[in-house]
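S.K.: Below is the structure I would like to discuss, written out as structure tokens.
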Amino acid sequence: MFSRLGAFLQRAVETEPSIDLLEAFTEHWKGLTHYYLETTDENTPVKETDIPWRLKQMLDILVYEEKQHPAGETGPCLEYLLQHKILETLSTLGKAEYPPGMRQQVFLFFSRVLGQVQHPLLHYLNVHRPVQKLLQFGSDALGSASEKEEVQFAAVLCAKIKQDPALLTYILEGKNLLTGSPQGDAGSSQEESLATNGAVTASPEPDRESSVGDAPCASLAGKPKNSVSSSSPLRKENNLITSLINLCKSQKSRVALKAQENLLLLMSVAQQAAATYLVQNSALCCLVTDHLCELYNAVPTSADPADILSLERGSWRLQNNSADEASFPGKGSLDAFFSWLDYCDHLMREAHPVVADAVTEAIGEKLFQGILQPQLLQMSELGILTSTAMLTAMVRQISAPALLRELVTFLLGTERQPEAITDSAQQHLLRSQLIEHCNHLSDEISLTTLRLFEELLRKPDEHIVYSLVLRNLEERSYILRSQPGQEERSTHEQDHCEDTLELEEDPYFTDEFPGIGFRTCKKPMPSSPKGPVRPNEKTDVNEIVLSFLGLVPDEAKTSSYLEEAGYDTYVHDALRLAPKPLEPCDPQAAFYEGHFLKVLFDRMTRILDQPYGLNLQMTSVLSRLALFPHPHLHEYLLDPYLNLAPGCRTLFSVLIRVIGDLMQRIQRVSQFSAKLLLVRRQLMGLVPEEQMDHMTLFQGVVVLEEFCKELAAIAFVKFPPEGPA
């Protein structure tokens with residue numbers, strides 16, 4: 001039978017295509033429909049019938065016919081397909097999944113017809129209506145069996161929409177984008193019974209509600225709800241968007257990847273009107289965000305913060321890429337969340353700005369404010385620790401400007417005025433709480449939160465460093481100003497002898513520790529009553545460097561004994577990390593260092609009493625601040641010659657206090673230098689670690705020495721040869 005029909009088709013193609021092609025086409029269609037009359041075995045798979053062959057022949061006829069006609073002209077076979085609602089009937093047969101596997105065949109036929117027939121089809125009611133119905137199949141219990149064919153079908157639709165964004169309205173809602181009126185005859189929704197026997201009748205399929213309603217999407221997109229035409233209200237149904245999102249969740253990595261690629265293609269539509277329609281008339285924003293929230297909530301609350309922070313950056317293109325998901329509890333859930341977060345981040349960069357802004361706002365409202373904020377503000381130390389670790393990993397993952405801006409605003413607020421000591425109640429709540437967590441009673445929380453801020457400071461967003469530090473330095477009110485009528489001294493016209501005199505009056509620097517060498521830079525005394533004399537301008541940078549290198553007394557220096565990386569290595573690192581300078585700002589009135597620097601400086605004063613890891617993280621944050629390309633930061637953090645206003649402190653003045661404390665402790669610990677050298681050797685892994693008295697003190701001194709060398713190197717790189725400007 002098959003060979004006879006094949007020969008018949010071949011003769012039809014070779015002789016009279018305009019007549020015989022239609023006859024062959026209708027013959028195959030009638031043969032397909034007669035199967036349902038003649039067959040009694042409902043368990044026979046569709047691949048064991050002639051249905052796939054007949055559908056393939058019908059497709060070949062349509063493609064061949066189109067080549068025989070001028071472009072834009074509809075051939076008789078295509079007209080027959082449209083007039084007899086063949087696609088409508090096939091979609092109904094696919095829904096019934098009879099015979100078994102029929103749904104896959106229907107998906108394949110739709111994909112091939114839409115992909116290979118060049119004549120525009122999706123504008124026709126008898127095409128886009130069955131397409132909409134077919135898209136609803138993926139959410140039912142049988143969806144997983146046809147995922148491969150379904151994602152291929154969705155890919156064809158996305159490619160068509162990319163070519164002609166106006167098709168988006170036909171596929172999603174069947175509404176005209178400009179008028180909001182339904183396309184075609186709304187009353188023609190009844191489906192036709194099969195022509196020959198009436199045994200199979202296609203009935204309209206009721207709308208299914210998706211698991212996530214899309215009513216909030218209009219508001220999340222920043223659009224008033226009345227901006228959507230009353231004739232095209234938001235509908236809760238399965239469509240191309242929901243189908244793609246469901247396929248993105250597939251356990252089959254190739255299916256999920258292809259679905260994500262096509263969702264990205266769909267969201268990058270070029271037309272403003274189509275992008276706006278996509279945001280306002282679909283559940284896109286909600287579905288993308290809700291899946292992200294679901295994956296976040298699936299991460300076990302017992303996940304170890306150290307494991308979270310040890311994860312490599314997720315990649316959405318590497319589906320199920322964990323070589324060992326059982327390496328620690330929750331790794332699979334963490335990989336899934338950060339992979340989808342990476343996808344959202346990539347989507348923000350590639351999508352149309354209208355779509356990107358709407359999805360970003362939805363993520364900010366649902367994930368950041370709805371889930372993360374309550375976790376970060378909770379009282380449970382374990383909860384704070386886990387959520388801060390998750391947030392740190394998220395900051396590391398996010399790079400899209402729109403999403404990064406949303407995250408920074410969520411964490412730090414939008415305030416840009418200088419902070420005041422008395423306005424803590426008016427500060428951004430989460431920002432204030434996170435900064436306080438840097439000074440938490442739990443060293444582990446402090447360490448994790450400091451790591452969060454270091455990750456933030458790595459991000460290319462000007463508002464981060466401005467909110468945390470620069471807004472308080474902009475007026476340069478930390479500098480002592482001259483009295484009215486006197487010539488204002490230059491910012492850097494401060495003789496180091498004044499510093500030495502002040503130190504001698506400090507209770508830390510008295511005669512109670514004779515023989516202790518505190519290396520200070522010797523400077524000439526003032527030769528003029530008008531102001532102190534600075535060293536030769538050509539040597540200022542060297543003097544600044546020596547000021548930091550000379551802070552730590554000889555008794556507390558050990559790196560030179562072990563040939564460990566020294567000052568030159570830090571200079572190399574600073575040169576590698578040093579960015580381009582920014583424009584300086586003009587000075588003006590009263591100084592408060594700000595909440596963030598206050599906490600960091602307070603932490604620095606306790607460097608000799610804090611755990612080694614916490615000290616490393618704290619000094620790492622300060623070093624990163626010193627590397628930022630802003631002259632006020634360089635001046636405030638790196639210039640030891642500043643003539644400070646009363647009550648002000650700088651990083652150098654804080655270090656001076658720490659050294660004073662250290663010199664007192666050196667006197668109270670026997671064999672200080674030998675024990676310190678042993679601890680450094682332990683930290684380097686040269687000797688086995690063993691506990692001893694004052695271990696925290698010795699570890700703090702090691703960090704302090706390295707930090708001073710690093711600051712000296714940064715100063716050497718940041719200040720020009722003639723010294724601070």
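Ordering of the structure tokens sets the chain letters (A, B, ...); residue numbers start at 1 within each chain; ligands are numbered from 1 in the order shown.
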Residues at most 8 Å from Gln132 in chain A, counting only C-alpha atoms, excluding those fewer than 6 positions away in the same chain, as a ChimeraX atom specification?
M.R.: /A:171-172,239-240
S.K.: Would you write out those residues with all heavy atoms, as an mmCIF file, in the first residue's frame?
M.R.:
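Result went into result_37.cif, see below:
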```cif
data_model
loop_
_atom_site.group_PDB
_atom_site.id
_atom_site.type_symbol
_atom_site.label_atom_id
_atom_site.label_comp_id
_atom_site.auth_asym_id
_atom_site.auth_seq_id
_atom_site.Cartn_x
_atom_site.Cartn_y
_atom_site.Cartn_z
ATOM 1 N N ILE A 171 0.894 34.870 18.655
ATOM 2 C CA ILE A 171 1.254 33.632 19.338
ATOM 3 C C ILE A 171 0.864 33.666 20.808
ATOM 4 O O ILE A 171 0.418 32.672 21.379
ATOM 5 C CB ILE A 171 2.759 33.364 19.166
ATOM 6 C CG1 ILE A 171 3.060 33.109 17.685
ATOM 7 C CG2 ILE A 171 3.206 32.183 20.004
ATOM 8 C CD1 ILE A 171 4.528 32.968 17.370
ATOM 9 N N LEU A 172 1.002 34.853 21.435
ATOM 10 C CA LEU A 172 0.677 34.938 22.861
ATOM 11 C C LEU A 172 -0.811 35.075 23.109
ATOM 12 O O LEU A 172 -1.386 34.401 23.947
ATOM 13 C CB LEU A 172 1.410 36.117 23.500
ATOM 14 C CG LEU A 172 2.916 35.963 23.721
ATOM 15 C CD1 LEU A 172 3.454 37.174 24.459
ATOM 16 C CD2 LEU A 172 3.228 34.698 24.498
ATOM 17 N N ASN A 239 1.335 29.467 27.472
ATOM 18 C CA ASN A 239 1.632 29.975 26.141
ATOM 19 C C ASN A 239 3.114 29.771 25.863
ATOM 20 O O ASN A 239 3.774 28.961 26.526
ATOM 21 C CB ASN A 239 1.230 31.452 26.025
ATOM 22 C CG ASN A 239 1.825 32.290 27.143
ATOM 23 O OD1 ASN A 239 2.916 32.006 27.627
ATOM 24 N ND2 ASN A 239 1.102 33.326 27.551
ATOM 25 N N LEU A 240 3.645 30.476 24.897
ATOM 26 C CA LEU A 240 5.039 30.292 24.523
ATOM 27 C C LEU A 240 5.976 30.590 25.700
ATOM 28 O O LEU A 240 6.971 29.886 25.904
ATOM 29 C CB LEU A 240 5.372 31.191 23.327
ATOM 30 C CG LEU A 240 6.810 31.120 22.804
ATOM 31 C CD1 LEU A 240 7.170 29.706 22.391
ATOM 32 C CD2 LEU A 240 6.996 32.092 21.641
#
```
S.K.: Within 10 Å of Leu265 in chain A, counting only C-alpha atoms, which residues qualify if same-chain residues fewer than 5 places away don't, as a list of chain:residue names?
M.R.: A:Ala155, A:Cys158, A:Ala159, A:Ile161, A:Lys162, A:Ala259, A:Gln260, A:Leu347, A:Glu350, A:Ala351
S.K.: Restrict the selected residues to N, CA, C and O atoms and save them as a PDB file, in the first residue's frame.
M.R.:
```pdb
ATOM      1  N   ALA A 155      11.470  26.691  19.362  1.00  0.00           N
ATOM      2  CA  ALA A 155      12.591  27.358  18.700  1.00  0.00           C
ATOM      3  C   ALA A 155      12.178  27.939  17.355  1.00  0.00           C
ATOM      4  O   ALA A 155      12.600  29.041  16.985  1.00  0.00           O
ATOM      5  N   CYS A 158      10.184  31.108  18.061  1.00  0.00           N
ATOM      6  CA  CYS A 158      11.036  32.220  18.480  1.00  0.00           C
ATOM      7  C   CYS A 158      11.807  32.800  17.302  1.00  0.00           C
ATOM      8  O   CYS A 158      11.986  34.023  17.210  1.00  0.00           O
ATOM      9  N   ALA A 159      12.255  31.943  16.397  1.00  0.00           N
ATOM     10  CA  ALA A 159      12.958  32.433  15.215  1.00  0.00           C
ATOM     11  C   ALA A 159      12.029  33.271  14.344  1.00  0.00           C
ATOM     12  O   ALA A 159      12.438  34.308  13.795  1.00  0.00           O
ATOM     13  N   ILE A 161       9.403  34.967  15.402  1.00  0.00           N
ATOM     14  CA  ILE A 161       9.142  36.228  16.102  1.00  0.00           C
ATOM     15  C   ILE A 161      10.335  37.163  15.978  1.00  0.00           C
ATOM     16  O   ILE A 161      10.180  38.387  15.851  1.00  0.00           O
ATOM     17  N   LYS A 162      11.532  36.606  16.032  1.00  0.00           N
ATOM     18  CA  LYS A 162      12.731  37.434  15.882  1.00  0.00           C
ATOM     19  C   LYS A 162      12.734  38.113  14.519  1.00  0.00           C
ATOM     20  O   LYS A 162      13.118  39.288  14.398  1.00  0.00           O
ATOM     21  N   ALA A 259      16.008  25.627  25.396  1.00  0.00           N
ATOM     22  CA  ALA A 259      14.887  26.462  25.844  1.00  0.00           C
ATOM     23  C   ALA A 259      15.392  27.809  26.337  1.00  0.00           C
ATOM     24  O   ALA A 259      14.803  28.861  26.037  1.00  0.00           O
ATOM     25  N   GLN A 260      16.480  27.816  27.095  1.00  0.00           N
ATOM     26  CA  GLN A 260      17.026  29.071  27.599  1.00  0.00           C
ATOM     27  C   GLN A 260      17.535  29.949  26.459  1.00  0.00           C
ATOM     28  O   GLN A 260      17.344  31.171  26.471  1.00  0.00           O
ATOM     29  N   LEU A 347      20.666  37.487  30.644  1.00  0.00           N
ATOM     30  CA  LEU A 347      19.429  37.971  30.036  1.00  0.00           C
ATOM     31  C   LEU A 347      19.327  39.495  30.153  1.00  0.00           C
ATOM     32  O   LEU A 347      18.901  40.177  29.221  1.00  0.00           O
ATOM     33  N   GLU A 350      21.377  41.030  27.401  1.00  0.00           N
ATOM     34  CA  GLU A 350      20.993  40.772  26.018  1.00  0.00           C
ATOM     35  C   GLU A 350      19.563  41.198  25.685  1.00  0.00           C
ATOM     36  O   GLU A 350      19.246  41.443  24.524  1.00  0.00           O
ATOM     37  N   ALA A 351      18.702  41.246  26.679  1.00  0.00           N
ATOM     38  CA  ALA A 351      17.289  41.529  26.425  1.00  0.00           C
ATOM     39  C   ALA A 351      17.074  42.987  26.026  1.00  0.00           C
ATOM     40  O   ALA A 351      17.929  43.849  26.260  1.00  0.00           O
TER      41      ALA A 351
END
```
S.K.: Residues near Ile656 in chain A, anyone? I mean within 10 Å using only C-alpha atoms, not counting same-chain ones fewer than 5 positions away, as a list of chain:residue names.
M.R.: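 Once the nearby chain positions are removed, what remains is A:Leu503, A:Tyr508, A:Phe548, A:Leu551, A:Val552, A:Thr605, A:Thr650, A:Leu651, A:Asp661, A:Leu662.
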S.K.: Work out how far apart CA of Leu292 in chain A and CA of Gly364 in chain A are and give it in Å to one decimal.
M.R.: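 A separation of 11.5 Å between them.
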S.K.: Using Å and a single decimal, report how far CA of Leu311 in chain A sits from CA of Leu447 in chain A.
M.R.: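 We find that CA of Leu447 in chain A and CA of Leu311 in chain A lie 17.4 Å from each other.
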S.K.: Record the distance separating CA of Leu625 in chain A and CA of Thr422 in chain A, expressed in Å with one decimal.
M.R.: 24.9 Å
S.K.: Write out as a list in words each polymer residue whose atoms come within 9 Å of Gly101 in chain A, counting only C-alpha atoms; drop sequence neighbours fewer than 3 positions from it.
M.R.: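 The residues that qualify are Pro45, Val46, Lys47, Gly94, Glu97, Tyr98, Gln104, Gln105, Ala145 and Ser146 of chain A.
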S.K.: Go ahead and write the residues just picked, C-alpha atoms, as a PDB file, in the first residue's frame.
M.R.:
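Saved as part07.pdb:
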```pdb
ATOM      1  CA  PRO A  45       2.642   3.086  18.855  1.00  0.00           C
ATOM      2  CA  VAL A  46       2.297   5.731  16.192  1.00  0.00           C
ATOM      3  CA  LYS A  47       5.677   4.801  14.721  1.00  0.00           C
ATOM      4  CA  GLY A  94      -1.925  15.479  19.723  1.00  0.00           C
ATOM      5  CA  GLU A  97      -2.076  11.281  22.479  1.00  0.00           C
ATOM      6  CA  TYR A  98      -3.735   8.621  20.353  1.00  0.00           C
ATOM      7  CA  GLN A 104       5.522  14.055  19.174  1.00  0.00           C
ATOM      8  CA  GLN A 105       4.490  13.611  15.551  1.00  0.00           C
ATOM      9  CA  ALA A 145       7.872  12.497  26.770  1.00  0.00           C
ATOM     10  CA  SER A 146       7.744  15.117  24.019  1.00  0.00           C
TER      11      SER A 146
END
```
S.K.: If we count only C-alpha atoms and set the cut-off at 12 Å, which residues sit around range 432-437 of chain A, ignoring sequence neighbours fewer than 5 positions away in its own chain? Please answer as a compact mmCIF listing (two decimals) with N, CA, C and O atoms, in the first residue's frame.
M.R.:
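In the end it all went to part-v2.txt:
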```
# COMPACT_ATOMS: atom_id res chain seq x y z
N GLN A 373 16.10 40.33 52.30
CA GLN A 373 16.13 41.34 53.35
C GLN A 373 15.70 40.80 54.71
O GLN A 373 16.40 41.02 55.71
N PRO A 374 14.57 40.08 54.81
CA PRO A 374 14.22 39.52 56.13
C PRO A 374 15.28 38.57 56.67
O PRO A 374 15.51 38.54 57.88
N GLN A 375 15.94 37.83 55.80
CA GLN A 375 16.99 36.92 56.27
C GLN A 375 18.20 37.67 56.80
O GLN A 375 18.80 37.27 57.79
N LEU A 376 18.57 38.76 56.14
CA LEU A 376 19.74 39.53 56.57
C LEU A 376 19.48 40.31 57.85
O LEU A 376 20.41 40.61 58.60
N LEU A 377 18.21 40.63 58.10
CA LEU A 377 17.86 41.42 59.28
C LEU A 377 17.43 40.55 60.46
O LEU A 377 17.08 41.08 61.51
N GLN A 378 17.44 39.23 60.31
CA GLN A 378 16.98 38.36 61.39
C GLN A 378 17.97 38.35 62.55
O GLN A 378 19.10 38.84 62.44
N MET A 379 17.57 37.76 63.65
CA MET A 379 18.41 37.72 64.85
C MET A 379 19.26 36.47 64.93
O MET A 379 20.29 36.45 65.61
N GLU A 381 22.03 34.02 64.41
CA GLU A 381 23.38 34.17 63.88
C GLU A 381 23.63 33.21 62.72
O GLU A 381 24.28 33.56 61.74
N ILE A 384 21.88 34.64 59.69
CA ILE A 384 22.62 35.79 59.16
C ILE A 384 23.83 35.32 58.37
O ILE A 384 24.13 35.81 57.28
N LEU A 385 24.53 34.34 58.93
CA LEU A 385 25.76 33.84 58.31
C LEU A 385 25.47 33.21 56.95
O LEU A 385 26.14 33.51 55.94
N SER A 387 22.74 33.57 54.97
CA SER A 387 22.19 34.52 53.99
C SER A 387 23.26 35.50 53.52
O SER A 387 23.27 35.90 52.34
N THR A 388 24.19 35.89 54.40
CA THR A 388 25.28 36.79 53.98
C THR A 388 26.22 36.08 53.01
O THR A 388 26.69 36.68 52.03
N LEU A 391 24.45 36.01 49.72
CA LEU A 391 24.48 37.34 49.12
C LEU A 391 25.85 37.64 48.53
O LEU A 391 25.97 38.21 47.44
N THR A 392 26.91 37.25 49.24
CA THR A 392 28.27 37.48 48.74
C THR A 392 28.49 36.75 47.42
O THR A 392 29.04 37.31 46.47
N PHE A 410 19.44 48.20 46.53
CA PHE A 410 18.84 47.40 47.61
C PHE A 410 19.74 47.36 48.83
O PHE A 410 19.27 47.50 49.98
N LEU A 411 21.04 47.23 48.64
CA LEU A 411 21.96 47.07 49.77
C LEU A 411 22.35 48.40 50.41
O LEU A 411 22.46 48.50 51.63
N LEU A 412 22.55 49.44 49.58
CA LEU A 412 23.13 50.68 50.08
C LEU A 412 22.19 51.88 50.01
O LEU A 412 22.50 52.93 50.59
N GLY A 413 21.06 51.74 49.34
CA GLY A 413 20.17 52.88 49.18
C GLY A 413 20.68 53.84 48.12
O GLY A 413 21.67 53.59 47.43
N GLU A 419 27.32 61.64 55.48
CA GLU A 419 26.69 61.10 56.67
C GLU A 419 26.96 62.00 57.88
O GLU A 419 27.93 62.77 57.90
N ASP A 423 22.52 60.97 62.58
CA ASP A 423 21.39 60.60 61.72
C ASP A 423 21.33 59.11 61.44
O ASP A 423 20.80 58.68 60.42
N SER A 424 21.86 58.29 62.35
CA SER A 424 21.89 56.85 62.12
C SER A 424 20.48 56.27 61.95
O SER A 424 20.27 55.32 61.20
N ALA A 425 19.50 56.85 62.65
CA ALA A 425 18.13 56.34 62.53
C ALA A 425 17.53 56.61 61.16
O ALA A 425 16.60 55.93 60.74
N GLN A 426 18.08 57.61 60.48
CA GLN A 426 17.55 57.96 59.17
C GLN A 426 18.31 57.28 58.02
O GLN A 426 17.97 57.45 56.87
N GLN A 427 19.35 56.52 58.36
CA GLN A 427 20.13 55.84 57.33
C GLN A 427 19.36 54.66 56.75
O GLN A 427 18.44 54.13 57.37
N SER A 442 30.06 38.03 66.78
CA SER A 442 30.51 36.81 66.14
C SER A 442 31.58 37.14 65.10
O SER A 442 31.32 37.83 64.12
N ASP A 443 32.80 36.66 65.34
CA ASP A 443 33.88 36.92 64.38
C ASP A 443 33.56 36.34 63.01
O ASP A 443 33.96 36.88 61.98
N GLU A 444 32.84 35.22 63.00
CA GLU A 444 32.51 34.58 61.73
C GLU A 444 31.57 35.46 60.91
O GLU A 444 31.73 35.60 59.69
N ILE A 445 30.58 36.08 61.57
CA ILE A 445 29.68 36.99 60.86
C ILE A 445 30.45 38.21 60.37
O ILE A 445 30.26 38.68 59.23
N SER A 446 31.34 38.74 61.20
CA SER A 446 32.15 39.89 60.80
C SER A 446 33.00 39.56 59.58
O SER A 446 33.07 40.33 58.61
N LEU A 447 33.64 38.39 59.61
CA LEU A 447 34.49 37.98 58.50
C LEU A 447 33.69 37.83 57.21
O LEU A 447 34.09 38.32 56.14
N THR A 448 32.55 37.17 57.30
CA THR A 448 31.72 36.94 56.11
C THR A 448 31.18 38.26 55.56
O THR A 448 31.12 38.45 54.34
N THR A 449 30.79 39.18 56.43
CA THR A 449 30.25 40.46 55.97
C THR A 449 31.35 41.33 55.36
O THR A 449 31.12 42.03 54.36
N LEU A 450 32.55 41.30 55.94
CA LEU A 450 33.68 42.01 55.33
C LEU A 450 33.97 41.47 53.93
O LEU A 450 34.30 42.23 53.00
N ARG A 451 33.85 40.16 53.78
CA ARG A 451 34.05 39.57 52.46
C ARG A 451 32.98 40.04 51.49
O ARG A 451 33.25 40.28 50.31
N LEU A 452 31.75 40.21 51.99
CA LEU A 452 30.68 40.76 51.16
C LEU A 452 31.05 42.15 50.66
O LEU A 452 30.91 42.46 49.46
N PHE A 453 31.54 43.01 51.55
CA PHE A 453 31.88 44.37 51.13
C PHE A 453 33.07 44.38 50.19
O PHE A 453 33.14 45.22 49.27
N SER A 467 28.89 55.72 48.17
CA SER A 467 27.98 55.59 49.31
C SER A 467 28.73 55.21 50.58
O SER A 467 28.44 55.72 51.66
N LEU A 468 29.72 54.33 50.45
CA LEU A 468 30.41 53.83 51.64
C LEU A 468 31.44 54.82 52.17
O LEU A 468 31.61 54.94 53.39
N GLY A 594 32.19 58.55 58.42
CA GLY A 594 31.15 57.69 57.89
C GLY A 594 31.12 56.35 58.61
O GLY A 594 32.10 55.89 59.20
N HIS A 595 29.95 55.71 58.55
CA HIS A 595 29.71 54.47 59.29
C HIS A 595 30.68 53.37 58.86
O HIS A 595 31.24 52.64 59.70
N PHE A 596 30.92 53.24 57.57
CA PHE A 596 31.73 52.14 57.07
C PHE A 596 33.19 52.28 57.52
O PHE A 596 33.78 51.34 58.07
N LEU A 597 33.80 53.46 57.29
CA LEU A 597 35.18 53.65 57.71
C LEU A 597 35.31 53.62 59.23
O LEU A 597 36.32 53.15 59.76
N LYS A 598 34.30 54.09 59.93
CA LYS A 598 34.35 54.03 61.40
C LYS A 598 34.48 52.59 61.88
O LYS A 598 35.31 52.28 62.74
N VAL A 599 33.67 51.72 61.31
CA VAL A 599 33.72 50.31 61.70
C VAL A 599 35.06 49.70 61.32
O VAL A 599 35.67 48.95 62.10
N LEU A 600 35.56 50.01 60.12
CA LEU A 600 36.85 49.46 59.70
C LEU A 600 37.99 49.98 60.58
O LEU A 600 38.88 49.20 60.98
N ASP A 602 37.71 51.07 63.67
CA ASP A 602 37.55 50.45 64.99
C ASP A 602 38.09 49.02 64.98
O ASP A 602 38.72 48.57 65.94
N ARG A 603 37.83 48.31 63.89
CA ARG A 603 38.37 46.96 63.75
C ARG A 603 39.90 46.99 63.71
O ARG A 603 40.57 46.14 64.29
```
S.K.: Show which residues sit within 8 Å of range 60-72 of chain A, as a PyMOL selection string. Count only C-alpha atoms, and ignore same-chain residues fewer than 4 positions away.
M.R.: chain A and resi 17-18+21+25+56+77-78+116-119
S.K.: For the selection just defined, write its residues with all heavy atoms to a file, as a short mmCIF file (atom, residue, chain, number, x, y, z; two decimals), in the first residue's frame.
M.R.:
```cif
data_model
loop_
_atom_site.label_atom_id
_atom_site.label_comp_id
_atom_site.auth_asym_id
_atom_site.auth_seq_id
_atom_site.Cartn_x
_atom_site.Cartn_y
_atom_site.Cartn_z
N PRO A 17 1.62 18.81 -11.48
CA PRO A 17 1.66 19.20 -10.07
C PRO A 17 0.47 20.04 -9.64
O PRO A 17 -0.01 19.91 -8.54
CB PRO A 17 2.97 19.99 -9.98
CG PRO A 17 3.29 20.41 -11.38
CD PRO A 17 2.74 19.35 -12.26
N SER A 18 -0.05 20.92 -10.50
CA SER A 18 -1.13 21.81 -10.08
C SER A 18 -2.41 21.05 -9.76
O SER A 18 -3.24 21.53 -9.01
CB SER A 18 -1.39 22.85 -11.17
OG SER A 18 -1.80 22.19 -12.36
N LEU A 21 -0.91 17.19 -7.26
CA LEU A 21 -0.38 17.45 -5.92
C LEU A 21 -1.52 17.58 -4.92
O LEU A 21 -1.45 17.06 -3.81
CB LEU A 21 0.48 18.72 -5.93
CG LEU A 21 1.90 18.60 -6.49
CD1 LEU A 21 2.61 19.94 -6.42
CD2 LEU A 21 2.69 17.54 -5.73
N PHE A 25 -2.20 15.21 -1.83
CA PHE A 25 -2.25 15.79 -0.49
C PHE A 25 -3.53 15.35 0.23
O PHE A 25 -3.48 14.92 1.40
CB PHE A 25 -2.19 17.32 -0.60
CG PHE A 25 -2.06 18.01 0.72
CD1 PHE A 25 -0.83 18.16 1.34
CD2 PHE A 25 -3.19 18.52 1.37
CE1 PHE A 25 -0.71 18.81 2.56
CE2 PHE A 25 -3.08 19.16 2.59
CZ PHE A 25 -1.83 19.31 3.19
N LYS A 56 4.83 13.19 6.63
CA LYS A 56 6.04 13.59 5.90
C LYS A 56 5.72 13.86 4.43
O LYS A 56 6.23 14.83 3.84
CB LYS A 56 7.08 12.46 6.03
CG LYS A 56 8.39 12.73 5.28
CD LYS A 56 9.13 13.91 5.90
CE LYS A 56 10.55 14.00 5.38
NZ LYS A 56 10.66 14.21 3.94
N CYS A 77 -2.76 23.23 -2.23
CA CYS A 77 -2.57 22.34 -1.07
C CYS A 77 -2.54 23.13 0.23
O CYS A 77 -3.13 22.73 1.24
CB CYS A 77 -1.29 21.53 -1.23
SG CYS A 77 -1.31 20.39 -2.63
N LEU A 78 -1.86 24.27 0.19
CA LEU A 78 -1.80 25.11 1.39
C LEU A 78 -3.18 25.67 1.70
O LEU A 78 -3.58 25.75 2.87
CB LEU A 78 -0.79 26.24 1.19
CG LEU A 78 -0.58 27.18 2.39
CD1 LEU A 78 -0.14 26.41 3.63
CD2 LEU A 78 0.44 28.27 2.05
N GLN A 116 9.74 25.28 7.21
CA GLN A 116 10.13 25.05 5.81
C GLN A 116 9.25 25.78 4.80
O GLN A 116 9.71 26.09 3.70
CB GLN A 116 10.12 23.54 5.52
CG GLN A 116 11.15 22.77 6.35
CD GLN A 116 11.15 21.29 6.02
OE1 GLN A 116 10.91 20.89 4.88
NE2 GLN A 116 11.40 20.46 7.02
N VAL A 117 8.00 26.02 5.13
CA VAL A 117 7.12 26.77 4.22
C VAL A 117 7.42 28.26 4.40
O VAL A 117 7.32 28.79 5.51
CB VAL A 117 5.64 26.47 4.52
CG1 VAL A 117 4.74 27.37 3.66
CG2 VAL A 117 5.34 25.00 4.26
N GLN A 118 7.81 28.92 3.34
CA GLN A 118 8.23 30.32 3.42
C GLN A 118 7.06 31.30 3.49
O GLN A 118 7.21 32.42 3.96
CB GLN A 118 9.10 30.66 2.21
CG GLN A 118 10.35 29.79 2.11
CD GLN A 118 11.21 29.85 3.36
OE1 GLN A 118 11.54 30.94 3.84
NE2 GLN A 118 11.56 28.69 3.89
N HIS A 119 5.90 30.88 3.02
CA HIS A 119 4.74 31.77 3.05
C HIS A 119 4.36 32.08 4.50
O HIS A 119 4.32 31.17 5.34
CB HIS A 119 3.55 31.10 2.35
CG HIS A 119 2.36 31.99 2.21
ND1 HIS A 119 2.23 32.93 1.22
CD2 HIS A 119 1.22 32.09 2.96
CE1 HIS A 119 1.09 33.56 1.35
NE2 HIS A 119 0.45 33.07 2.40
#
```
S.K.: Write out as a ChimeraX atom specification which residues come within 12 Å of Leu244 in chain A when counting only C-alpha atoms, dropping same-chain ones fewer than 5 positions away.
M.R.: /A:135-139,147-148,150-155,157-158,238-239,249-250,255-267,283-284,287-288
